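Pasted below: start-v4.tsv, TSV, C-alpha atoms.
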```
chain	number	residue	atom	x	y	z
X	204	MET	CA	8.56	7.86	14.14
X	205	LEU	CA	7.88	10.81	11.85
X	206	SER	CA	8.91	14.29	12.87
X	207	LEU	CA	7.86	17.27	10.78
X	208	ARG	CA	9.43	20.40	12.18
X	209	GLY	CA	7.13	23.41	12.33
X	210	THR	CA	4.09	21.55	10.99
X	211	ALA	CA	1.05	20.08	12.66
X	212	ASP	CA	0.74	16.83	10.74
X	213	LEU	CA	1.84	14.93	7.66
X	214	SER	CA	-0.90	16.32	5.44
X	215	SER	CA	0.60	19.79	5.88
X	216	LEU	CA	3.22	18.86	3.28
X	217	GLY	CA	0.36	18.90	0.80
X	218	PRO	CA	0.43	17.47	-2.72
X	219	THR	CA	3.98	16.31	-3.29
X	220	VAL	CA	6.11	15.71	-6.38
X	221	SER	CA	9.30	13.70	-5.97
X	222	VAL	CA	11.90	13.95	-8.73
X	223	TRP	CA	14.74	11.45	-9.05
X	224	ALA	CA	17.34	10.19	-11.51
X	225	HIS	CA	17.03	6.40	-11.41
X	226	PRO	CA	14.59	3.70	-10.32
X	227	ASP	CA	15.18	2.98	-6.61
X	228	ASP	CA	16.23	6.57	-5.75
X	229	GLU	CA	12.61	7.30	-4.87
X	230	THR	CA	12.45	4.37	-2.45
X	231	TYR	CA	15.87	4.61	-0.83
X	232	LEU	CA	15.51	8.33	-0.14
X	233	ALA	CA	11.75	8.86	0.23
X	234	GLY	CA	9.93	5.53	0.23
X	235	GLY	CA	8.78	5.71	3.81
X	236	LEU	CA	7.67	9.31	3.48
X	237	SER	CA	5.86	8.67	0.20
X	238	ALA	CA	3.98	5.73	1.69
X	239	ALA	CA	3.03	7.72	4.79
X	240	LEU	CA	1.77	10.60	2.66
X	241	ARG	CA	-0.36	8.27	0.58
X	242	ASP	CA	-1.76	6.62	3.71
X	243	ALA	CA	-2.75	10.11	4.87
X	244	GLY	CA	-4.59	10.72	1.59
X	245	VAL	CA	-1.99	13.13	0.21
X	246	ARG	CA	-1.34	13.12	-3.54
X	247	VAL	CA	2.18	11.96	-4.44
X	248	VAL	CA	3.55	12.09	-7.98
X	249	CYS	CA	6.90	10.49	-8.75
X	250	VAL	CA	9.14	11.57	-11.63
X	251	THR	CA	12.13	9.51	-12.82
X	252	ALA	CA	14.67	10.83	-15.31
X	253	THR	CA	16.07	7.52	-16.61
X	254	ARG	CA	15.27	3.82	-16.57
X	255	GLY	CA	18.55	2.96	-14.84
X	256	GLU	CA	19.87	0.95	-17.76
X	257	ALA	CA	23.51	1.59	-16.83
X	258	GLY	CA	23.13	0.07	-13.38
X	259	GLY	CA	24.44	-3.37	-14.27
X	260	PRO	CA	27.61	-5.11	-15.47
X	261	GLY	CA	26.75	-5.10	-19.18
X	262	SER	CA	27.72	-2.01	-21.16
X	263	ASP	CA	26.54	-3.06	-24.63
X	264	ALA	CA	23.30	-1.73	-26.04
X	265	ALA	CA	21.40	-5.00	-25.70
X	266	SER	CA	22.36	-5.44	-22.05
X	267	ARG	CA	21.46	-1.85	-21.21
X	268	SER	CA	18.10	-2.13	-22.95
X	269	ALA	CA	17.28	-5.38	-21.16
X	270	LEU	CA	18.18	-3.94	-17.77
X	271	GLY	CA	16.11	-0.84	-18.50
X	272	ARG	CA	13.09	-3.06	-19.06
X	273	VAL	CA	13.76	-4.95	-15.84
X	274	ARG	CA	14.13	-1.79	-13.80
X	275	THR	CA	10.99	-0.34	-15.33
X	276	ARG	CA	9.00	-3.33	-14.06
X	277	GLU	CA	10.77	-3.22	-10.70
X	278	LEU	CA	9.91	0.43	-10.18
X	279	GLU	CA	6.29	-0.16	-11.09
X	280	GLU	CA	6.09	-2.91	-8.45
X	281	ALA	CA	7.86	-0.80	-5.83
X	282	LEU	CA	5.49	2.12	-6.37
X	283	LYS	CA	2.52	-0.22	-5.93
X	284	VAL	CA	3.89	-1.25	-2.54
X	285	LEU	CA	4.29	2.40	-1.57
X	286	GLY	CA	0.80	3.28	-2.81
X	287	VAL	CA	2.07	5.79	-5.38
X	288	ALA	CA	-0.13	5.53	-8.47
X	289	GLU	CA	1.11	8.54	-10.45
X	290	HIS	CA	4.48	8.33	-12.17
X	291	HIS	CA	6.25	10.06	-15.07
X	292	TRP	CA	9.35	9.00	-17.00
X	293	LEU	CA	11.44	11.80	-18.48
X	294	GLY	CA	13.11	9.42	-20.95
X	295	HIS	CA	16.78	10.36	-20.57
X	296	GLN	CA	19.75	8.01	-20.77
X	297	ASP	CA	21.24	6.68	-17.57
X	298	GLY	CA	24.66	8.20	-16.96
X	299	GLU	CA	24.11	11.03	-19.43
X	300	CYS	CA	21.88	13.48	-17.55
X	301	ALA	CA	24.72	15.97	-17.16
X	302	GLN	CA	24.91	16.17	-20.97
X	303	VAL	CA	21.17	16.79	-21.42
X	304	ASP	CA	20.00	20.30	-22.31
X	305	ALA	CA	19.08	21.53	-18.83
X	306	ASP	CA	16.44	23.96	-20.06
X	307	ALA	CA	14.63	21.24	-22.00
X	308	ALA	CA	14.73	18.85	-19.05
X	309	ALA	CA	13.55	21.60	-16.71
X	310	ASP	CA	10.61	22.25	-19.01
X	311	GLN	CA	9.63	18.58	-18.65
X	312	VAL	CA	9.65	18.86	-14.88
X	313	ALA	CA	7.86	22.22	-14.97
X	314	ARG	CA	5.00	20.70	-16.95
X	315	VAL	CA	4.46	18.17	-14.14
X	316	LEU	CA	4.59	20.93	-11.54
X	317	ASP	CA	2.11	23.03	-13.52
X	318	GLU	CA	-0.33	20.12	-13.65
X	319	VAL	CA	0.00	18.95	-10.05
X	320	GLN	CA	0.50	22.34	-8.34
X	321	PRO	CA	2.38	20.70	-5.48
X	322	GLN	CA	3.03	22.29	-2.13
X	323	THR	CA	6.21	20.24	-1.72
X	324	VAL	CA	8.90	18.93	-4.05
X	325	LEU	CA	11.31	16.23	-2.87
X	326	THR	CA	14.56	15.79	-4.76
X	327	PHE	CA	18.34	15.76	-4.52
X	328	GLY	CA	20.33	18.72	-3.33
X	329	PRO	CA	23.18	19.98	-5.49
X	330	ASP	CA	25.45	17.38	-3.85
X	331	GLY	CA	23.33	14.62	-5.44
X	332	PHE	CA	23.32	12.81	-2.07
X	333	THR	CA	25.94	10.35	-3.38
X	334	GLY	CA	27.71	12.75	-5.73
X	335	HIS	CA	26.37	10.96	-8.82
X	336	ALA	CA	26.42	13.28	-11.83
X	337	ASP	CA	22.88	12.26	-12.83
X	338	HIS	CA	21.63	13.13	-9.35
X	339	ARG	CA	23.30	16.53	-9.43
X	340	ALA	CA	21.86	17.23	-12.88
X	341	VAL	CA	18.33	16.41	-11.70
X	342	SER	CA	18.74	18.79	-8.77
X	343	HIS	CA	19.63	21.56	-11.20
X	344	TRP	CA	16.67	20.75	-13.45
X	345	VAL	CA	14.31	21.01	-10.48
X	346	ASP	CA	15.73	24.39	-9.49
X	347	LEU	CA	15.14	25.68	-13.01
X	348	ALA	CA	11.69	24.07	-13.23
X	349	VAL	CA	10.45	25.67	-10.02
X	350	ARG	CA	11.51	29.11	-11.24
X	351	ARG	CA	9.52	28.78	-14.47
X	352	SER	CA	6.50	26.87	-13.16
X	353	SER	CA	3.20	28.42	-12.16
X	354	ALA	CA	3.43	26.33	-8.97
X	355	THR	CA	5.14	27.71	-5.89
X	356	PRO	CA	6.22	24.63	-3.93
X	357	ARG	CA	8.69	24.35	-1.11
X	358	VAL	CA	11.67	22.32	-2.36
X	359	LEU	CA	13.12	19.87	0.14
X	360	HIS	CA	16.45	18.14	-0.46
X	361	ALA	CA	17.41	14.66	0.67
X	362	VAL	CA	20.07	15.13	3.35
X	363	ALA	CA	21.76	13.09	6.05
X	364	THR	CA	22.49	13.43	9.73
X	365	ASP	CA	25.51	12.18	11.64
X	366	ARG	CA	23.16	9.80	13.43
X	367	ALA	CA	21.90	8.26	10.21
X	368	LEU	CA	25.34	7.97	8.65
X	369	SER	CA	26.73	6.21	11.71
X	370	VAL	CA	24.14	3.41	11.71
X	371	ASP	CA	26.48	1.05	9.83
X	372	ASP	CA	29.82	2.58	8.89
X	373	ALA	CA	31.18	-0.74	7.69
X	374	LEU	CA	28.35	-1.32	5.22
X	375	THR	CA	28.58	2.22	3.90
X	376	ASN	CA	32.34	2.03	3.43
X	377	ASP	CA	32.62	-1.57	2.25
X	378	PHE	CA	30.12	-1.01	-0.56
X	379	GLY	CA	31.44	2.39	-1.63
X	380	VAL	CA	28.09	4.13	-1.33
X	381	TYR	CA	29.65	7.59	-1.17
X	382	ASP	CA	32.73	7.06	-3.31
X	383	GLU	CA	31.59	9.86	-5.65
X	384	GLY	CA	30.62	12.28	-2.91
X	385	TRP	CA	28.91	12.62	0.45
X	386	PRO	CA	25.47	14.04	1.17
X	387	ARG	CA	24.94	17.31	2.94
X	388	ILE	CA	24.94	16.62	6.67
X	389	CYS	CA	22.40	18.60	8.68
X	390	GLU	CA	21.77	19.20	12.34
X	391	PRO	CA	18.37	18.00	13.57
X	392	GLU	CA	17.06	21.55	13.89
X	393	GLU	CA	17.67	22.14	10.15
X	394	LEU	CA	15.36	19.30	9.11
X	395	VAL	CA	11.80	19.68	7.92
X	396	VAL	CA	11.30	15.92	7.73
X	397	ASP	CA	13.11	13.55	10.11
X	398	LEU	CA	11.80	10.04	9.54
X	399	ALA	CA	12.98	7.08	11.61
X	400	LEU	CA	11.12	4.07	10.24
X	401	GLU	CA	10.26	1.07	12.34
X	402	GLY	CA	7.70	-1.72	12.40
X	403	SER	CA	5.31	-1.93	9.48
X	404	GLY	CA	6.55	1.34	7.99
X	405	LEU	CA	10.08	0.02	7.72
X	406	SER	CA	8.89	-3.37	6.48
X	407	ARG	CA	6.93	-1.68	3.71
X	408	LYS	CA	9.91	0.35	2.55
X	409	VAL	CA	12.12	-2.74	2.57
X	410	GLU	CA	9.49	-4.65	0.60
X	411	ALA	CA	9.52	-1.90	-2.02
X	412	LEU	CA	13.31	-2.01	-2.17
X	413	LEU	CA	13.26	-5.78	-2.54
X	414	CYS	CA	11.00	-5.32	-5.56
X	415	GLN	CA	14.05	-3.70	-7.16
X	416	ALA	CA	16.15	-6.83	-6.82
X	417	SER	CA	18.47	-5.99	-9.72
X	418	GLN	CA	19.89	-3.27	-7.47
X	419	THR	CA	19.22	-4.48	-3.93
X	420	GLY	CA	19.46	-8.26	-4.15
X	421	GLY	CA	23.23	-8.53	-3.97
X	422	LEU	CA	23.50	-6.16	-1.02
X	423	VAL	CA	20.77	-7.92	0.94
X	424	GLU	CA	22.38	-11.29	0.25
X	425	ALA	CA	25.74	-9.97	1.43
X	426	VAL	CA	24.66	-8.25	4.66
X	427	GLY	CA	21.33	-9.85	5.57
X	428	ILE	CA	17.87	-8.39	5.71
X	429	ASP	CA	18.06	-7.10	9.29
X	430	ARG	CA	21.25	-5.16	8.71
X	431	PHE	CA	19.94	-3.81	5.40
X	432	SER	CA	16.68	-2.74	7.02
X	433	ALA	CA	18.43	-0.82	9.78
X	434	TRP	CA	20.62	0.89	7.17
X	435	VAL	CA	17.63	2.25	5.19
X	436	ALA	CA	15.43	3.24	8.15
X	437	SER	CA	16.23	6.97	8.11
X	438	GLU	CA	14.87	9.61	5.69
X	439	CYS	CA	15.71	13.27	6.20
X	440	PHE	CA	14.78	16.35	4.16
X	441	ALA	CA	15.75	19.98	4.56
X	442	PRO	CA	15.38	23.18	2.56
X	443	GLY	CA	18.29	24.15	0.37
X	444	ALA	CA	21.35	25.45	2.16
X	445	PRO	CA	21.77	29.24	2.15
X	446	ALA	CA	24.00	30.45	-0.66
```
Show the structure stored in the file as structure tokens.
Amino acid sequence: MLSLRGTADLSSLGPTVSVWAHPDDETYLAGGLSAALRDAGVRVVCVTATRGEAGGPGSDAASRSALGRVRTRELEEALKVLGVAEHHWLGHQDGECAQVDADAAADQVARVLDEVQPQTVLTFGPDGFTGHADHRAVSHWVDLAVRRSSATPRVLHAVATDRALSVDDALTNDFGVYDEGWPRICEPEELVVDLALEGSGLSRKVEALLCQASQTGGLVEAVGIDRFSAWVASECFAPGAPA
């Protein structure tokens, strides 16, 4: 099921740019929506700040470099599954986005917005969805980029609902998903996009996530594919919260 509040159909979101911090963010938070947009003939451009090289047990330079290469390939395969053919790397270091010059990073994002002229931008809210410092930094970059771009998109933040968060409390808590911070929780009437994936749409998102086995393989092995699938079936986006 796909609910778009106040819009007639999916194509009303228009050309869309999604901006994320690490490989797999784009699939966990917007994989189903991205695939549905592409199936509807809507242009989707994905932007990723880092190659996720810090997302493994090795902290030495060689281990980080090797994982970055793996996650690069994994993201490319995931995007193929989702039908997203346009992708940009920003080239920043995983775990260090908060130390990056925000104006310079915003200029990178603004150049993509200037070229695409999107109607919609999907990204993190200032909470970073999980509180991760890289996520929060990317949210700030997007805010700056939109202000200086010639494009005038609507920015939608990845958010949660009580319903989505209660799907599997044990999985969420046992794996420390929100140890660094919780996402903004919205009421249904606040949402612009309320996506409850099922059937082939859910299978496609899960397939894309399984392409990123360096990050998803252990979790799927621990909880099983059915439980994992139910846990990732919801995608919700809302405009920024009023100041």
Determine the nearest neighbour of X:Arg387 from the options X:Gly402, X:Gly334, X:Gly427, X:Gly286, counting all atoms listed in the file.
X:Gly334
Listing only residues of stretch 340-423 of chain X within 12 Å of stretch 224-231 of chain X, what is the closest atom pair and its distance in Å (to one decimal) for each, using only C-alpha atoms, sorted by chain and residue number ascending, as a tab-separated table?
```
residue	atom	partner	partner_atom	distance
X:Ala340	CA	X:Ala224	CA	8.5
X:Val341	CA	X:Ala224	CA	6.3
X:Ser342	CA	X:Ala224	CA	9.1
X:His343	CA	X:Ala224	CA	11.6
X:Trp344	CA	X:Ala224	CA	10.8
X:Val345	CA	X:Ala224	CA	11.3
X:Ala361	CA	X:Tyr231	CA	10.3
X:Leu405	CA	X:Tyr231	CA	11.3
X:Arg407	CA	X:Thr230	CA	10.2
X:Lys408	CA	X:Thr230	CA	6.9
X:Val409	CA	X:Thr230	CA	8.7
X:Glu410	CA	X:Thr230	CA	10.0
X:Ala411	CA	X:Thr230	CA	6.9
X:Leu412	CA	X:Thr230	CA	6.4
X:Leu413	CA	X:Asp227	CA	9.8
X:Cys414	CA	X:Asp227	CA	9.4
X:Gln415	CA	X:Asp227	CA	6.8
X:Ala416	CA	X:Asp227	CA	9.9
X:Ser417	CA	X:Asp227	CA	10.0
X:Gln418	CA	X:Asp227	CA	7.9
X:Thr419	CA	X:Asp227	CA	8.9
```
Point out the residue among X:Pro386, X:Gly234, X:Cys300, X:Leu400 with the least atom-to-atom distance to X:Ala281, counting all atoms listed in the file.
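Closest to X:Ala281, using all atoms listed in the file: X:Gly234.
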Between atom CA of X:Thr219 and atom CA of X:Pro329, measure the distance and give it in Å to one decimal.
19.7 Å
Distance query stretch 433-444 of chain X at most 10 Å, all atoms listed in the file, self and fewer than 3 positions along chain excluded, as a PyMOL selection string
chain X and resi 204-208+230-236+325-329+357-364+366-372+374-375+387-401+404-406+408-409+412+428-430
Could those selected residues go to a file with C-alpha atoms, as a PDB file, in the frame of the given file?
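Wrote selection34.pdb, looks like this:
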```pdb
ATOM      1  CA  MET X 204       8.560   7.860  14.140  1.00  0.00           C
ATOM      2  CA  LEU X 205       7.880  10.810  11.850  1.00  0.00           C
ATOM      3  CA  SER X 206       8.910  14.290  12.870  1.00  0.00           C
ATOM      4  CA  LEU X 207       7.860  17.270  10.780  1.00  0.00           C
ATOM      5  CA  ARG X 208       9.430  20.400  12.180  1.00  0.00           C
ATOM      6  CA  THR X 230      12.450   4.370  -2.450  1.00  0.00           C
ATOM      7  CA  TYR X 231      15.870   4.610  -0.830  1.00  0.00           C
ATOM      8  CA  LEU X 232      15.510   8.330  -0.140  1.00  0.00           C
ATOM      9  CA  ALA X 233      11.750   8.860   0.230  1.00  0.00           C
ATOM     10  CA  GLY X 234       9.930   5.530   0.230  1.00  0.00           C
ATOM     11  CA  GLY X 235       8.780   5.710   3.810  1.00  0.00           C
ATOM     12  CA  LEU X 236       7.670   9.310   3.480  1.00  0.00           C
ATOM     13  CA  LEU X 325      11.310  16.230  -2.870  1.00  0.00           C
ATOM     14  CA  THR X 326      14.560  15.790  -4.760  1.00  0.00           C
ATOM     15  CA  PHE X 327      18.340  15.760  -4.520  1.00  0.00           C
ATOM     16  CA  GLY X 328      20.330  18.720  -3.330  1.00  0.00           C
ATOM     17  CA  PRO X 329      23.180  19.980  -5.490  1.00  0.00           C
ATOM     18  CA  ARG X 357       8.690  24.350  -1.110  1.00  0.00           C
ATOM     19  CA  VAL X 358      11.670  22.320  -2.360  1.00  0.00           C
ATOM     20  CA  LEU X 359      13.120  19.870   0.140  1.00  0.00           C
ATOM     21  CA  HIS X 360      16.450  18.140  -0.460  1.00  0.00           C
ATOM     22  CA  ALA X 361      17.410  14.660   0.670  1.00  0.00           C
ATOM     23  CA  VAL X 362      20.070  15.130   3.350  1.00  0.00           C
ATOM     24  CA  ALA X 363      21.760  13.090   6.050  1.00  0.00           C
ATOM     25  CA  THR X 364      22.490  13.430   9.730  1.00  0.00           C
ATOM     26  CA  ARG X 366      23.160   9.800  13.430  1.00  0.00           C
ATOM     27  CA  ALA X 367      21.900   8.260  10.210  1.00  0.00           C
ATOM     28  CA  LEU X 368      25.340   7.970   8.650  1.00  0.00           C
ATOM     29  CA  SER X 369      26.730   6.210  11.710  1.00  0.00           C
ATOM     30  CA  VAL X 370      24.140   3.410  11.710  1.00  0.00           C
ATOM     31  CA  ASP X 371      26.480   1.050   9.830  1.00  0.00           C
ATOM     32  CA  ASP X 372      29.820   2.580   8.890  1.00  0.00           C
ATOM     33  CA  LEU X 374      28.350  -1.320   5.220  1.00  0.00           C
ATOM     34  CA  THR X 375      28.580   2.220   3.900  1.00  0.00           C
ATOM     35  CA  ARG X 387      24.940  17.310   2.940  1.00  0.00           C
ATOM     36  CA  ILE X 388      24.940  16.620   6.670  1.00  0.00           C
ATOM     37  CA  CYS X 389      22.400  18.600   8.680  1.00  0.00           C
ATOM     38  CA  GLU X 390      21.770  19.200  12.340  1.00  0.00           C
ATOM     39  CA  PRO X 391      18.370  18.000  13.570  1.00  0.00           C
ATOM     40  CA  GLU X 392      17.060  21.550  13.890  1.00  0.00           C
ATOM     41  CA  GLU X 393      17.670  22.140  10.150  1.00  0.00           C
ATOM     42  CA  LEU X 394      15.360  19.300   9.110  1.00  0.00           C
ATOM     43  CA  VAL X 395      11.800  19.680   7.920  1.00  0.00           C
ATOM     44  CA  VAL X 396      11.300  15.920   7.730  1.00  0.00           C
ATOM     45  CA  ASP X 397      13.110  13.550  10.110  1.00  0.00           C
ATOM     46  CA  LEU X 398      11.800  10.040   9.540  1.00  0.00           C
ATOM     47  CA  ALA X 399      12.980   7.080  11.610  1.00  0.00           C
ATOM     48  CA  LEU X 400      11.120   4.070  10.240  1.00  0.00           C
ATOM     49  CA  GLU X 401      10.260   1.070  12.340  1.00  0.00           C
ATOM     50  CA  GLY X 404       6.550   1.340   7.990  1.00  0.00           C
ATOM     51  CA  LEU X 405      10.080   0.020   7.720  1.00  0.00           C
ATOM     52  CA  SER X 406       8.890  -3.370   6.480  1.00  0.00           C
ATOM     53  CA  LYS X 408       9.910   0.350   2.550  1.00  0.00           C
ATOM     54  CA  VAL X 409      12.120  -2.740   2.570  1.00  0.00           C
ATOM     55  CA  LEU X 412      13.310  -2.010  -2.170  1.00  0.00           C
ATOM     56  CA  ILE X 428      17.870  -8.390   5.710  1.00  0.00           C
ATOM     57  CA  ASP X 429      18.060  -7.100   9.290  1.00  0.00           C
ATOM     58  CA  ARG X 430      21.250  -5.160   8.710  1.00  0.00           C
TER      59      ARG X 430
END
```
7 Å contact set for stretch 211-217 of chain X, all atoms listed in the file, chain neighbours under 4 positions out, as a PDB file with C-alpha atoms, keeping the file's coordinate frame:
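This is the output file out_37.pdb:
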```pdb
ATOM      1  CA  LEU X 240       1.770  10.600   2.660  1.00  0.00           C
ATOM      2  CA  ALA X 243      -2.750  10.110   4.870  1.00  0.00           C
ATOM      3  CA  VAL X 245      -1.990  13.130   0.210  1.00  0.00           C
ATOM      4  CA  PRO X 321       2.380  20.700  -5.480  1.00  0.00           C
ATOM      5  CA  GLN X 322       3.030  22.290  -2.130  1.00  0.00           C
ATOM      6  CA  THR X 323       6.210  20.240  -1.720  1.00  0.00           C
TER       7      THR X 323
END
```
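Shell of X:Glu318 at 10 Å, with all atoms listed in the file counted and residues fewer than 5 places along the chain excluded, is Ala313, Ser352, Ser353 and Ala354 of chain X.
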Rounded to one decimal in Å, what is the spacing between atom CA of X:Gly259 and atom CA of X:Gly271?
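Taking atom CA of X:Gly259 as the start and atom CA of X:Gly271 as the end point, the length is 9.7 Å.
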Between X:Asp337, X:Asp317, X:Glu289, X:Glu280, which one has atoms that come closest to X:Gln302, using all atoms listed in the file?
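Residue with the minimum atom-to-atom distance to X:Gln302: X:Asp337.
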Can you rebuild stretch 302-325 of chain X with N, CA and C atoms and give it as an mmCIF file, in the coordinates of the input?
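New file part_12.cif:
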```cif
data_model
loop_
_atom_site.group_PDB
_atom_site.id
_atom_site.type_symbol
_atom_site.label_atom_id
_atom_site.label_comp_id
_atom_site.auth_asym_id
_atom_site.auth_seq_id
_atom_site.Cartn_x
_atom_site.Cartn_y
_atom_site.Cartn_z
ATOM 1 N N GLN X 302 24.743 15.709 -19.594
ATOM 2 C CA GLN X 302 24.910 16.170 -20.970
ATOM 3 C C GLN X 302 23.595 16.626 -21.604
ATOM 4 N N VAL X 303 22.488 16.413 -20.909
ATOM 5 C CA VAL X 303 21.170 16.790 -21.420
ATOM 6 C C VAL X 303 21.024 18.315 -21.368
ATOM 7 N N ASP X 304 20.314 18.879 -22.344
ATOM 8 C CA ASP X 304 20.000 20.300 -22.310
ATOM 9 C C ASP X 304 19.167 20.585 -21.057
ATOM 10 N N ALA X 305 19.731 21.335 -20.119
ATOM 11 C CA ALA X 305 19.080 21.530 -18.830
ATOM 12 C C ALA X 305 17.762 22.277 -18.958
ATOM 13 N N ASP X 306 17.682 23.214 -19.887
ATOM 14 C CA ASP X 306 16.440 23.960 -20.060
ATOM 15 C C ASP X 306 15.318 23.049 -20.552
ATOM 16 N N ALA X 307 15.650 22.157 -21.491
ATOM 17 C CA ALA X 307 14.630 21.240 -22.000
ATOM 18 C C ALA X 307 14.162 20.285 -20.910
ATOM 19 N N ALA X 308 15.108 19.760 -20.127
ATOM 20 C CA ALA X 308 14.730 18.850 -19.050
ATOM 21 C C ALA X 308 13.915 19.583 -17.987
ATOM 22 N N ALA X 309 14.306 20.819 -17.688
ATOM 23 C CA ALA X 309 13.550 21.600 -16.710
ATOM 24 C C ALA X 309 12.129 21.853 -17.184
ATOM 25 N N ASP X 310 11.956 22.061 -18.473
ATOM 26 C CA ASP X 310 10.610 22.250 -19.010
ATOM 27 C C ASP X 310 9.757 21.001 -18.788
ATOM 28 N N GLN X 311 10.367 19.817 -18.924
ATOM 29 C CA GLN X 311 9.630 18.580 -18.650
ATOM 30 C C GLN X 311 9.133 18.549 -17.210
ATOM 31 N N VAL X 312 10.025 18.860 -16.292
ATOM 32 C CA VAL X 312 9.650 18.860 -14.880
ATOM 33 C C VAL X 312 8.618 19.939 -14.600
ATOM 34 N N ALA X 313 8.799 21.106 -15.197
ATOM 35 C CA ALA X 313 7.860 22.220 -14.970
ATOM 36 C C ALA X 313 6.450 21.865 -15.414
ATOM 37 N N ARG X 314 6.335 21.092 -16.491
ATOM 38 C CA ARG X 314 5.000 20.700 -16.950
ATOM 39 C C ARG X 314 4.297 19.840 -15.898
ATOM 40 N N VAL X 315 5.048 18.965 -15.222
ATOM 41 C CA VAL X 315 4.460 18.170 -14.140
ATOM 42 C C VAL X 315 4.048 19.084 -12.990
ATOM 43 N N LEU X 316 4.917 20.011 -12.634
ATOM 44 C CA LEU X 316 4.590 20.930 -11.540
ATOM 45 C C LEU X 316 3.371 21.773 -11.874
ATOM 46 N N ASP X 317 3.268 22.230 -13.109
ATOM 47 C CA ASP X 317 2.110 23.030 -13.520
ATOM 48 C C ASP X 317 0.817 22.242 -13.379
ATOM 49 N N GLU X 318 0.868 20.951 -13.711
ATOM 50 C CA GLU X 318 -0.330 20.120 -13.650
ATOM 51 C C GLU X 318 -0.701 19.780 -12.214
ATOM 52 N N VAL X 319 0.277 19.422 -11.408
ATOM 53 C CA VAL X 319 0.000 18.950 -10.050
ATOM 54 C C VAL X 319 -0.211 20.116 -9.076
ATOM 55 N N GLN X 320 0.502 21.212 -9.282
ATOM 56 C CA GLN X 320 0.500 22.340 -8.340
ATOM 57 C C GLN X 320 0.850 21.866 -6.925
ATOM 58 N N PRO X 321 2.013 21.251 -6.788
ATOM 59 C CA PRO X 321 2.380 20.700 -5.480
ATOM 60 C C PRO X 321 2.707 21.787 -4.467
ATOM 61 N N GLN X 322 2.535 21.440 -3.213
ATOM 62 C CA GLN X 322 3.030 22.290 -2.130
ATOM 63 C C GLN X 322 4.476 21.957 -1.787
ATOM 64 N N THR X 323 4.867 20.714 -2.086
ATOM 65 C CA THR X 323 6.210 20.240 -1.720
ATOM 66 C C THR X 323 6.823 19.497 -2.896
ATOM 67 N N VAL X 324 8.114 19.718 -3.102
ATOM 68 C CA VAL X 324 8.900 18.930 -4.050
ATOM 69 C C VAL X 324 10.044 18.284 -3.290
ATOM 70 N N LEU X 325 10.198 16.987 -3.461
ATOM 71 C CA LEU X 325 11.310 16.230 -2.870
ATOM 72 C C LEU X 325 12.291 15.878 -3.970
#
```
